[in-house]
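Novice: final04.cif (mmCIF, C-alpha atoms) pasted underneath:
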```cif
data_query
loop_
_atom_site.label_atom_id
_atom_site.label_comp_id
_atom_site.auth_asym_id
_atom_site.auth_seq_id
_atom_site.Cartn_x
_atom_site.Cartn_y
_atom_site.Cartn_z
CA MET A 147 -27.64 16.49 31.65
CA ASN A 148 -31.39 17.24 31.45
CA GLY A 149 -33.05 18.12 28.16
CA TYR A 150 -33.23 21.87 28.83
CA LEU A 151 -29.54 22.19 29.70
CA LYS A 152 -28.56 20.02 26.74
CA ASN A 153 -30.49 22.26 24.32
CA VAL A 154 -28.92 25.36 25.85
CA THR A 155 -25.47 23.79 25.49
CA VAL A 156 -26.02 22.88 21.85
CA THR A 157 -27.36 26.36 21.03
CA PHE A 158 -24.37 27.95 22.72
CA ILE A 159 -22.03 25.73 20.73
CA VAL A 160 -23.64 26.63 17.42
CA LEU A 161 -23.67 30.36 18.14
CA PHE A 162 -20.21 30.77 19.57
CA LEU A 163 -18.06 28.05 18.00
CA CYS A 164 -18.94 28.29 14.33
CA SER A 165 -16.14 30.81 13.94
CA LEU A 166 -13.45 28.65 15.55
CA PRO A 167 -10.49 28.16 13.17
CA ILE A 168 -10.20 24.58 11.93
CA HIS A 169 -6.90 23.52 10.41
CA GLN A 170 -7.55 21.88 7.06
CA SER A 171 -5.16 19.96 5.89
CA ALA A 172 1.19 12.88 -11.60
CA PHE A 173 1.88 9.68 -11.25
CA ALA A 174 -0.71 7.49 -12.95
CA GLY A 175 1.19 5.23 -15.30
CA SER A 176 1.14 1.46 -15.17
CA SER A 177 1.93 -1.52 -13.00
CA THR A 178 3.02 -5.02 -14.01
CA GLN A 179 3.11 -8.04 -11.73
CA LEU A 180 5.18 -11.05 -12.78
CA GLY A 181 5.83 -14.36 -11.06
CA SER A 182 7.06 -17.83 -11.87
CA THR A 183 5.48 -20.90 -10.29
CA TRP A 184 8.30 -23.10 -11.57
CA SER A 185 9.75 -25.50 -8.94
CA LEU A 186 7.62 -24.08 -6.13
CA GLY A 187 5.33 -25.92 -3.74
CA SER A 188 1.60 -25.26 -3.81
CA GLN A 189 1.64 -23.34 -0.53
CA GLU A 190 4.31 -20.95 -1.80
CA VAL A 191 2.45 -20.50 -5.08
CA ASP A 192 -0.74 -19.65 -3.19
CA LYS A 193 1.02 -17.03 -1.07
CA ASP A 194 2.86 -15.53 -4.04
CA ARG A 195 -0.31 -15.37 -6.10
CA ALA A 196 -2.22 -13.71 -3.24
CA THR A 197 0.46 -11.04 -2.86
CA VAL A 198 0.56 -10.36 -6.58
CA HIS A 199 -3.22 -10.00 -6.56
CA THR A 200 -2.94 -7.54 -3.65
CA ILE A 201 -0.41 -5.44 -5.58
CA GLU A 202 -2.75 -5.54 -8.57
CA LEU A 203 -5.61 -4.29 -6.39
CA TYR A 204 -3.60 -1.43 -4.89
CA SER A 205 -2.32 -0.41 -8.32
CA SER A 206 -5.89 -0.32 -9.59
CA VAL A 207 -6.99 1.77 -6.61
CA ALA A 208 -4.17 4.18 -7.51
CA GLY A 209 -5.68 4.53 -10.99
CA GLN A 210 -2.91 2.71 -12.83
CA ALA A 211 -3.17 0.46 -15.87
CA THR A 212 -2.49 -2.89 -14.27
CA SER A 213 -1.24 -6.16 -15.79
CA ASN A 214 -1.24 -9.22 -13.54
CA LEU A 215 0.87 -11.74 -15.47
CA TYR A 216 1.59 -14.12 -12.60
CA GLY A 217 1.98 -17.77 -13.57
CA SER A 218 1.57 -18.95 -17.13
CA GLN A 219 1.72 -15.40 -18.52
CA THR A 220 5.17 -14.81 -17.06
CA THR A 221 6.93 -15.53 -20.33
CA ALA A 222 10.16 -14.10 -21.71
CA ASP A 223 8.22 -11.88 -24.12
CA ASN A 224 6.01 -10.48 -21.36
CA ILE A 225 9.05 -9.85 -19.18
CA TYR A 226 10.63 -7.90 -22.05
CA SER A 227 7.39 -5.97 -22.49
CA ALA A 228 7.31 -5.14 -18.76
CA ALA A 229 10.87 -3.79 -19.03
CA GLY A 230 9.59 -1.32 -21.59
CA GLY A 231 6.81 -0.15 -19.28
CA THR A 232 3.72 -2.17 -20.15
CA GLY A 233 0.65 0.05 -20.33
CA GLY A 234 2.40 3.39 -20.30
CA SER A 235 4.89 5.57 -18.50
CA PRO A 236 5.86 5.81 -15.75
CA SER A 237 5.72 2.16 -14.73
CA HIS A 238 6.64 -0.08 -11.83
CA VAL A 239 7.26 -3.83 -11.92
CA PHE A 240 7.18 -6.61 -9.33
CA TYR A 241 8.59 -10.11 -9.93
CA ILE A 242 8.69 -13.14 -7.62
CA GLY A 243 10.15 -16.56 -8.34
CA HIS A 244 13.38 -18.53 -8.67
CA ALA A 245 16.46 -16.80 -10.06
CA SER A 246 20.24 -17.08 -9.99
CA TRP A 247 23.41 -16.31 -11.96
CA GLU A 248 25.99 -18.24 -13.94
CA MET A 249 29.36 -17.84 -15.62
CA VAL A 250 29.24 -17.64 -19.41
CA TRP A 251 32.26 -18.35 -21.64
CA ASN A 252 32.92 -15.73 -24.30
CA PHE A 253 35.37 -16.64 -27.07
CA PHE A 254 36.22 -13.04 -27.94
CA PRO A 255 37.73 -11.81 -25.85
CA ILE A 256 38.44 -15.10 -24.12
CA PHE A 257 36.80 -14.52 -20.78
CA TRP A 258 34.38 -15.98 -18.24
CA GLU A 259 31.61 -13.46 -17.63
CA ASN A 260 28.77 -13.50 -15.10
CA GLN A 261 25.15 -13.19 -16.20
CA TYR A 262 21.99 -12.99 -14.04
CA PHE A 263 18.63 -14.50 -14.89
CA ILE A 264 15.09 -14.86 -13.59
CA SER A 265 12.79 -17.76 -14.47
CA ASP A 266 9.77 -17.75 -16.69
CA ASP A 267 6.87 -19.93 -15.63
CA ASN A 268 8.36 -23.00 -17.32
CA GLY A 269 11.79 -22.57 -15.75
CA GLY A 270 13.35 -20.94 -18.79
CA LYS A 271 16.16 -18.48 -18.07
CA VAL A 272 15.50 -14.83 -18.89
CA TYR A 273 18.86 -13.06 -18.79
CA ASP A 274 19.76 -9.52 -17.82
CA LYS A 275 21.52 -9.03 -21.19
CA ASP A 276 18.28 -9.89 -23.01
CA ILE A 277 16.10 -7.65 -20.83
CA TYR A 278 18.36 -4.62 -21.28
CA PRO A 279 17.51 -3.81 -24.94
CA HIS A 280 13.83 -3.51 -24.02
CA SER A 281 14.31 -0.93 -21.24
CA SER A 282 15.84 1.87 -23.32
CA SER A 283 12.80 4.10 -22.79
CA GLN A 284 13.50 4.05 -19.02
CA ASN A 285 9.75 3.96 -18.42
CA VAL A 286 10.27 1.64 -15.45
CA LYS A 287 10.75 3.84 -12.39
CA CYS A 288 10.73 1.02 -9.82
CA ALA A 289 11.67 -2.63 -10.32
CA PHE A 290 11.21 -4.90 -7.29
CA LEU A 291 12.55 -8.44 -7.81
CA TRP A 292 11.84 -10.77 -4.88
CA ALA A 293 14.33 -13.33 -6.15
CA CYS A 294 17.80 -14.62 -5.28
CA GLU A 295 21.02 -12.96 -6.49
CA GLN A 296 19.37 -10.23 -8.55
CA ALA A 297 20.85 -7.31 -6.60
CA ASN A 298 24.38 -8.69 -6.20
CA GLU A 299 25.64 -5.71 -8.20
CA ILE A 300 24.28 -2.82 -10.23
CA GLY A 301 26.02 -4.10 -13.35
CA GLY A 302 27.41 -2.56 -16.47
CA GLY A 303 29.28 -3.90 -19.50
CA HIS A 304 31.70 -6.84 -19.77
CA PRO A 305 34.91 -6.68 -21.85
CA SER A 306 32.91 -8.45 -24.55
CA LEU A 307 30.48 -5.50 -24.40
CA THR A 308 27.77 -7.83 -23.10
CA VAL A 309 25.48 -6.14 -20.56
CA PHE A 310 25.15 -7.64 -17.06
CA GLY A 311 23.32 -6.82 -13.81
CA MET A 312 19.56 -6.75 -13.25
CA PRO A 313 19.43 -3.15 -11.92
CA PHE A 314 21.18 -2.02 -15.11
CA ALA A 315 18.99 -4.28 -17.24
CA TRP A 316 15.68 -2.98 -15.86
CA LEU A 317 16.49 0.69 -15.32
CA HIS A 318 18.94 1.16 -18.20
CA THR A 319 21.40 3.16 -16.11
CA VAL A 320 24.36 2.53 -13.81
CA MET A 321 23.98 5.94 -12.17
CA LEU A 322 22.33 4.52 -9.07
CA SER A 323 23.17 5.00 -5.42
CA ASN A 324 24.56 1.82 -3.84
CA ASP A 325 22.31 2.49 -0.84
CA GLY A 326 19.29 4.30 -2.16
CA TYR A 327 17.51 3.94 1.16
CA ALA A 328 20.03 5.74 3.39
CA ASN A 329 21.62 7.86 0.64
CA PRO A 330 19.17 8.42 -2.22
CA ASP A 331 20.61 9.76 -5.45
CA SER A 332 19.07 12.53 -7.52
CA GLY A 333 17.60 10.28 -10.23
CA ASP A 334 14.02 9.16 -10.72
CA GLN A 335 14.42 5.35 -10.56
CA VAL A 336 14.83 2.73 -7.86
CA PHE A 337 15.64 -1.00 -7.82
CA LEU A 338 14.83 -3.35 -4.95
CA GLY A 339 16.20 -6.89 -4.86
CA PHE A 340 18.39 -9.32 -2.97
CA TYR A 341 22.08 -9.85 -2.49
CA LYS A 342 22.52 -13.64 -2.33
CA GLY A 343 19.34 -15.37 -1.15
CA ALA A 344 15.75 -14.16 -1.10
CA PRO A 345 13.48 -15.70 1.56
CA MET A 346 10.38 -17.53 0.44
CA PHE A 347 7.05 -16.45 1.83
CA THR A 348 6.72 -19.91 3.34
CA ASP A 349 10.06 -19.60 5.18
CA PRO A 350 9.23 -20.90 8.70
CA LEU A 351 11.58 -18.33 10.25
CA GLY A 352 9.65 -15.50 8.67
CA GLY A 353 6.12 -16.75 9.26
CA ASP A 354 3.89 -14.51 7.17
CA GLY A 355 6.23 -11.58 7.80
CA TYR A 356 7.90 -11.39 4.39
CA GLN A 357 4.62 -11.63 2.54
CA ARG A 358 3.04 -8.95 4.71
CA PHE A 359 6.13 -6.76 4.36
CA VAL A 360 5.74 -6.71 0.57
CA GLU A 361 2.02 -6.04 0.78
CA GLY A 362 2.57 -3.31 3.37
CA PHE A 363 5.16 -1.66 1.15
CA TYR A 364 2.82 -1.47 -1.83
CA TYR A 365 -0.10 -0.43 0.38
CA ALA A 366 1.83 2.65 1.52
CA ALA A 367 3.57 3.38 -1.79
CA LEU A 368 0.42 3.12 -3.93
CA ILE A 369 -2.59 3.85 -1.76
CA TYR A 370 -0.96 6.86 -0.10
CA GLY A 371 1.48 7.56 -2.91
CA HIS A 372 0.79 11.29 -3.02
CA SER A 373 2.39 11.75 0.39
CA CYS A 374 4.39 8.52 0.69
CA SER A 375 7.75 7.98 -1.03
CA VAL A 376 9.39 4.59 -1.60
CA GLN A 377 11.63 5.30 1.39
CA TRP A 378 8.66 6.04 3.63
CA ALA A 379 6.86 2.95 2.32
CA LEU A 380 9.83 0.75 3.32
CA ASP A 381 9.69 2.22 6.82
CA TYR A 382 5.93 1.76 6.97
CA ALA A 383 6.16 -1.87 5.88
CA ALA A 384 8.83 -2.61 8.50
CA PHE A 385 6.83 -1.03 11.31
CA TRP A 386 3.53 -2.48 10.10
CA GLU A 387 4.83 -6.05 10.14
CA TRP A 388 7.51 -5.98 12.82
CA HIS A 389 6.29 -3.50 15.41
CA GLY A 390 9.60 -3.51 17.29
CA TYR A 391 11.23 -1.76 14.34
CA SER A 392 10.85 1.95 13.79
CA SER A 393 12.32 1.89 10.27
CA PHE A 394 13.47 -0.36 7.45
CA ALA A 395 17.05 0.23 8.65
CA ASP A 396 16.24 -1.75 11.81
CA THR A 397 15.20 -4.89 9.95
CA ASP A 398 17.23 -8.01 9.28
CA LEU A 399 16.39 -7.56 5.61
CA TYR A 400 18.38 -4.33 5.50
CA ARG A 401 21.13 -5.31 7.96
CA GLY A 402 21.52 -8.82 6.55
CA ILE A 403 20.73 -12.32 7.74
CA TYR A 404 23.79 -14.40 8.64
CA HIS A 405 24.73 -17.90 9.76
CA THR A 406 27.73 -18.93 11.81
CA GLU A 407 30.34 -21.28 10.36
CA TYR A 408 32.39 -23.10 12.98
CA GLU A 409 34.86 -24.93 10.76
CA PRO A 410 37.67 -24.16 10.19
CA TRP A 411 37.03 -20.80 11.96
CA GLU A 412 34.02 -19.39 13.72
CA HIS A 413 32.79 -16.50 11.59
CA GLN A 414 29.61 -14.95 10.22
CA VAL A 415 28.54 -15.63 6.64
CA LEU A 416 25.96 -13.43 4.93
CA ASP A 417 23.02 -15.39 3.51
CA ILE A 418 20.36 -12.79 2.70
CA GLN A 419 20.31 -9.04 2.32
CA MET A 420 17.80 -6.77 0.64
CA LYS A 421 19.47 -4.11 -1.47
CA VAL A 422 18.00 -0.80 -2.56
CA TYR A 423 19.64 1.07 -5.44
CA GLY A 424 18.75 4.52 -6.74
CA ASN A 425 16.43 7.16 -5.32
CA THR A 426 13.85 6.11 -2.72
CA LEU A 427 12.48 9.64 -2.52
CA ILE A 428 10.40 9.04 -5.66
CA HIS A 429 6.68 8.22 -5.45
CA LEU A 430 4.96 5.29 -7.16
CA SER A 431 1.56 6.97 -7.36
CA ASP A 432 -0.11 10.31 -6.79
CA GLN A 433 -3.12 8.74 -5.12
CA SER A 434 -4.72 10.33 -2.08
CA VAL A 435 -7.97 9.55 -0.32
CA ALA A 436 -11.03 11.08 -2.00
CA CYS A 437 -12.98 11.44 1.24
CA LYS A 438 -13.67 9.63 4.48
CA MET A 439 -16.63 9.21 6.76
CA LYS A 440 -17.13 8.29 10.42
CA PRO A 441 -20.75 8.38 11.58
CA LYS A 442 -22.31 6.82 14.68
CA PHE A 443 -21.27 3.38 15.91
CA ASP A 444 -24.05 1.42 14.16
CA GLY A 445 -21.92 0.92 11.03
CA ILE A 446 -24.42 2.42 8.55
CA PHE A 447 -22.96 4.36 5.59
CA TYR A 448 -24.18 6.04 2.43
CA PHE A 449 -22.12 6.78 -0.68
CA PRO A 450 -20.90 10.37 -1.00
CA ASN A 451 -22.18 12.36 -3.95
CA ARG A 452 -20.32 14.02 -6.84
CA ILE A 453 -17.53 11.43 -7.14
CA THR A 454 -17.53 7.91 -8.59
CA TYR A 455 -16.01 5.43 -6.15
CA ARG A 456 -14.66 1.97 -6.89
CA TYR A 457 -13.24 0.92 -3.54
CA ILE A 458 -13.75 1.48 0.15
CA GLU A 459 -11.24 0.90 2.92
CA ILE A 460 -12.27 0.04 6.47
CA SER A 461 -9.63 2.02 8.33
CA GLN A 462 -10.52 1.26 11.96
CA LEU A 463 -13.47 0.19 14.09
CA PHE A 464 -15.15 1.25 17.32
CA ASP A 465 -17.80 -0.58 19.32
CA THR A 466 -18.54 2.02 21.97
CA GLY A 467 -20.62 5.17 21.87
CA ASN A 468 -17.84 6.96 23.74
CA LEU A 469 -16.14 7.56 20.38
CA THR A 470 -19.22 8.91 18.63
CA GLY A 471 -18.37 12.48 17.73
CA ASP A 472 -14.58 11.98 17.60
CA GLN A 473 -14.18 13.43 14.13
CA THR A 474 -10.92 15.36 14.10
CA SER A 475 -7.55 15.89 15.76
CA GLU A 476 -5.34 18.89 16.34
CA PHE A 477 -4.08 18.91 12.76
CA GLU A 478 -6.69 17.34 10.48
CA THR A 479 -9.98 15.50 10.13
CA TYR A 480 -8.67 12.30 11.62
CA PRO A 481 -10.09 10.87 14.86
CA ASP A 482 -7.71 10.92 17.81
CA GLY A 483 -9.66 8.90 20.40
CA ARG A 484 -11.07 11.93 22.26
CA VAL A 485 -14.29 13.92 21.86
CA ASP A 486 -13.31 17.49 22.60
CA MET A 487 -13.83 21.10 21.55
CA ARG A 488 -11.95 20.56 18.29
CA ASP A 489 -14.64 18.09 17.25
CA ILE A 490 -17.37 20.51 18.23
CA GLY A 491 -15.70 23.34 16.32
CA PHE A 492 -15.16 21.21 13.22
CA VAL A 493 -18.77 20.01 12.99
CA ALA A 494 -20.14 23.46 13.85
CA SER A 495 -18.01 25.01 11.08
CA LYS A 496 -19.97 22.92 8.55
CA PHE A 497 -23.36 23.77 10.06
CA MET A 498 -26.23 24.00 7.54
CA LEU A 499 -24.17 22.56 4.67
CA ASN A 500 -25.28 19.52 2.66
CA ASP A 501 -23.33 17.16 0.43
CA SER A 502 -24.07 19.11 -2.75
CA GLN A 503 -22.42 22.29 -1.49
CA ASN A 504 -18.84 23.51 -1.56
CA GLY A 505 -17.08 23.24 1.78
CA TRP A 506 -18.92 20.05 2.68
CA ASN A 507 -16.94 17.44 4.61
CA TYR A 508 -18.28 13.93 5.16
CA MET A 509 -16.46 13.59 8.48
CA ALA A 510 -18.79 16.26 9.87
CA ASP A 511 -21.92 14.20 9.12
CA VAL A 512 -21.97 12.33 12.44
CA TYR A 513 -25.67 11.57 12.06
CA PRO A 514 -25.47 10.24 8.49
CA ASP A 515 -28.24 11.99 6.58
CA ARG A 516 -26.31 14.12 4.04
CA LYS A 517 -26.74 17.38 5.95
CA ILE A 518 -25.08 19.02 8.93
CA ASP A 519 -27.61 20.22 11.47
CA MET A 520 -28.45 20.12 15.16
CA GLN A 521 -28.48 16.32 15.15
CA ASP A 522 -24.79 16.24 14.22
CA VAL A 523 -23.73 18.92 16.68
CA GLY A 524 -25.88 17.27 19.33
CA GLN A 525 -24.20 13.90 18.83
CA VAL A 526 -20.82 15.47 19.51
CA ALA A 527 -22.06 17.54 22.44
CA ALA A 528 -23.62 14.49 24.08
CA HIS A 529 -20.25 12.71 24.12
CA LEU A 530 -18.04 15.68 24.95
CA GLY A 531 -15.14 14.66 27.19
CA MET A 532 -15.40 10.96 26.38
CA GLN A 533 -12.52 8.93 24.96
CA GLY A 534 -11.67 5.41 23.89
CA THR A 535 -9.45 3.12 21.82
CA TYR A 536 -10.07 2.12 18.22
CA ILE A 537 -9.98 -1.47 16.97
CA THR A 538 -7.35 -1.99 14.27
CA ASN A 539 -7.63 -5.79 14.05
CA LEU A 540 -10.01 -6.34 11.14
CA THR A 541 -10.48 -10.06 11.69
CA GLY A 542 -14.14 -11.00 11.27
CA VAL A 543 -15.08 -7.80 9.44
CA SER A 544 -17.62 -7.93 6.62
CA VAL A 545 -19.46 -5.34 4.55
CA THR A 546 -23.09 -5.79 3.53
CA PHE A 547 -23.89 -3.74 0.43
CA ASN A 548 -27.47 -2.76 -0.32
CA ILE A 549 -28.16 -2.95 -4.07
CA TYR A 550 -30.71 -0.65 -5.72
CA THR A 551 -32.76 -3.71 -6.78
CA GLY A 552 -33.41 -4.52 -3.13
CA GLU A 553 -30.82 -7.30 -2.96
CA THR A 554 -27.86 -7.39 -0.59
CA GLN A 555 -24.31 -8.59 -1.15
CA GLU A 556 -21.92 -9.44 1.66
CA VAL A 557 -18.18 -9.00 1.06
CA THR A 558 -15.13 -9.76 3.19
CA PRO A 559 -12.44 -7.05 2.86
CA ASP A 560 -8.77 -7.99 2.52
CA ILE A 561 -6.40 -7.81 5.49
CA ASN A 562 -5.98 -4.06 5.01
CA GLY A 563 -9.72 -3.43 4.93
CA PHE A 564 -10.05 -2.94 1.15
CA THR A 565 -12.95 -4.12 -0.95
CA GLY A 566 -14.42 -3.22 -4.30
CA ILE A 567 -17.91 -1.75 -4.51
CA PRO A 568 -20.51 -3.92 -6.29
CA ILE A 569 -22.34 -2.41 -9.25
CA GLY A 570 -25.63 -0.86 -8.16
CA ALA A 571 -24.71 -0.48 -4.48
CA ILE A 572 -26.50 2.46 -2.82
CA SER A 573 -25.44 2.05 0.82
CA PHE A 574 -23.65 -0.40 3.09
CA THR A 575 -23.27 -1.62 6.65
CA VAL A 576 -20.04 -2.60 8.38
CA LYS A 577 -20.15 -5.64 10.65
CA ARG A 578 -17.72 -7.49 12.89
CA ASN A 579 -18.44 -11.13 13.65
CA GLY A 580 -21.97 -10.58 12.36
CA SER A 581 -22.79 -7.55 14.51
CA GLN A 582 -22.97 -3.96 13.31
CA VAL A 583 -19.98 -1.93 14.42
CA GLY A 584 -18.79 1.65 14.09
CA ALA A 585 -16.05 2.36 11.58
CA GLU A 586 -13.97 4.98 9.88
CA VAL A 587 -14.26 4.36 6.13
CA LEU A 588 -12.12 5.82 3.37
CA PHE A 589 -13.57 6.17 -0.13
CA TRP A 590 -11.23 5.72 -3.10
CA SER A 591 -11.96 6.86 -6.63
CA THR A 592 -10.13 6.12 -9.87
#
```
Hey, can you dump this file as structure tokens for me?

Specialist:
Amino acid sequence: MNGYLKNVTVTFIVLFLCSLPIHQSAFAGSSTQLGSTWSLGSQEVDKDRATVHTIELYSSVAGQATSNLYGSQTTADNIYSAAGGTGGSPSHVFYIGHASWEMVWNFFPIFWENQYFISDDNGGKVYDKDIYPHSSSQNVKCAFLWACEQANEIGGGHPSLTVFGMPFAWLHTVMLSNDGYANPDSGDQVFLGFYKGAPMFTDPLGGDGYQRFVEGFYYAALIYGHSCSVQWALDYAAFWEWHGYSSFADTDLYRGIYHTEYEPWEHQVLDIQMKVYGNTLIHLSDQSVACKMKPKFDGIFYFPNRITYRYIEISQLFDTGNLTGDQTSEFETYPDGRVDMRDIGFVASKFMLNDSQNGWNYMADVYPDRKIDMQDVGQVAAHLGMQGTYITNLTGVSVTFNIYTGETQEVTPDINGFTGIPIGAISFTVKRNGSQVGAEVLFWST
């Protein structure tokens, strides 16, 4: 296309497409992470600690008061405090470590009664009956115990009037659906745990799958909590880690993991099953993305005005100019791999706006200079009809932040593309294996 025809095309687009219709599309609380290192190998401890840190990060992004008590701070007193909703209401709690159950002899009435316990960091037993008195406020809306035996039963009261059952102990109610995933109840609490065994993150049969499943669950439930329920987060985590599964119901965690016993009869014995009690339609956060930006494919970004941001998320990458100008899809401002008239209409609808005006949208600033003008419309027009595939593997990605003092700081995002923003950062560049690369970036505020 020669220069004259290109200018005519852009002018036509601005004049005739500005009026095209473009479809636009209160939970704060607290989060506590607990975990015992007792009787675990160093590799398992490292994986557990990394996952707990990831949950802490996502909780912080969601604007929650966050307490990471993994390791030496996982004491009986801190577990009791977590059961009361450390930091405020509503609250959610995650625990990982060794746990089990035992039979306790009660003299009156004369009876053997089962009690469940999790371990503190020194191997001390913290019983369900001792947790229960601290959860009377019912501030805990979600308790997730990645530990053996803790979801064997919802629980209740023994003949001796002693409380038993970790779901009952943490949520202070027995009115919980036995399958809160498939048949959610009408309450506002949910318990996730294991019937019989819980797989370690270092389980060779699971690879990194179990660890990534937990992180994927909290990524969806916290980062996109406004639109993502616990039920949806379980489905997301299953699909995200095991792409052959379309939902949590397809996973071996939900269906159960068995072994075959050949003597004296050949039959299947259940070893591991993840149980979900209560209502998975609840949300763990009300977080939604503050804004997002996708400029040209040189990876250069500025920080949007009017909002204070603490984190950015590298959503996906592109290393071809074919995807420059792919700013929206049929339903929202989310790139769909094609540069078409919807993209033209979207950018043109923001024509002559800048980032201090109402109606501004950062996805329309294709040429990143804080204003929508002919350069932005021209970028889209020049690539009209082109398409491509985005890169979702974030291996090798780094972010170079430019500090107002003239210094730079290079940061490696986590596996989901998240990184905090250094104090004093005024702009940044996204790179992959040392080379600048195009990206879609989401900005998160607290």

Novice: Could you tell me which of A:Tyr356, A:Met487, A:Phe347, A:Ala510 comes closest to Gly187 of chain A if we count only C-alpha atoms?

Specialist: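 Selected residue with least distance to Gly187 of chain A: A:Phe347.
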
Novice: Closest to Tyr370 of chain A among A:Ala208, A:Val557, A:Ile567, A:Val272, using all atoms listed in the file?

Specialist: A:Ala208

Novice: Nearest to His529 of chain A among A:Thr565, A:Gly467, A:Gly362, A:Lys517, with distances taken over only C-alpha atoms: which residue is it?

Specialist: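 Of A:Thr565, A:Gly467, A:Gly362, A:Lys517, the one nearest His529 of chain A is A:Gly467, counting only C-alpha atoms.
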
Novice: Mind checking which residues fall within 12 Å of Asp519 of chain A, counting all atoms listed in the file, ignoring those fewer than 4 positions away in the same chain, and posting them as a list of chain:residue names?

Specialist: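 Near neighbours after the sequence-gap exclusion: A:Val156, A:Thr157, A:Val160, A:Val493, A:Ala494, A:Ser495, A:Lys496, A:Phe497, A:Met498, A:Leu499, A:Asn500, A:Ala510, A:Asp511, A:Val512, A:Tyr513, A:Pro514, A:Asp515, A:Val523, A:Gly524, A:Gln525, A:Val526.
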
Novice: Using all atoms listed in the file, which of the listed residues (A:Thr178, A:Thr575, A:Thr479, A:Ser237) sits closest to Gly445 of chain A?

Specialist: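 Between A:Thr178, A:Thr575, A:Thr479, A:Ser237, the residue approaching Gly445 of chain A most closely is A:Thr575.
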
Novice: Could you jot down the atom CA of Ile518 of chain A to atom CA of Phe574 of chain A separation for me, Å, one decimal place?

Specialist: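 Between these atoms lies a distance of 20.3 Å.
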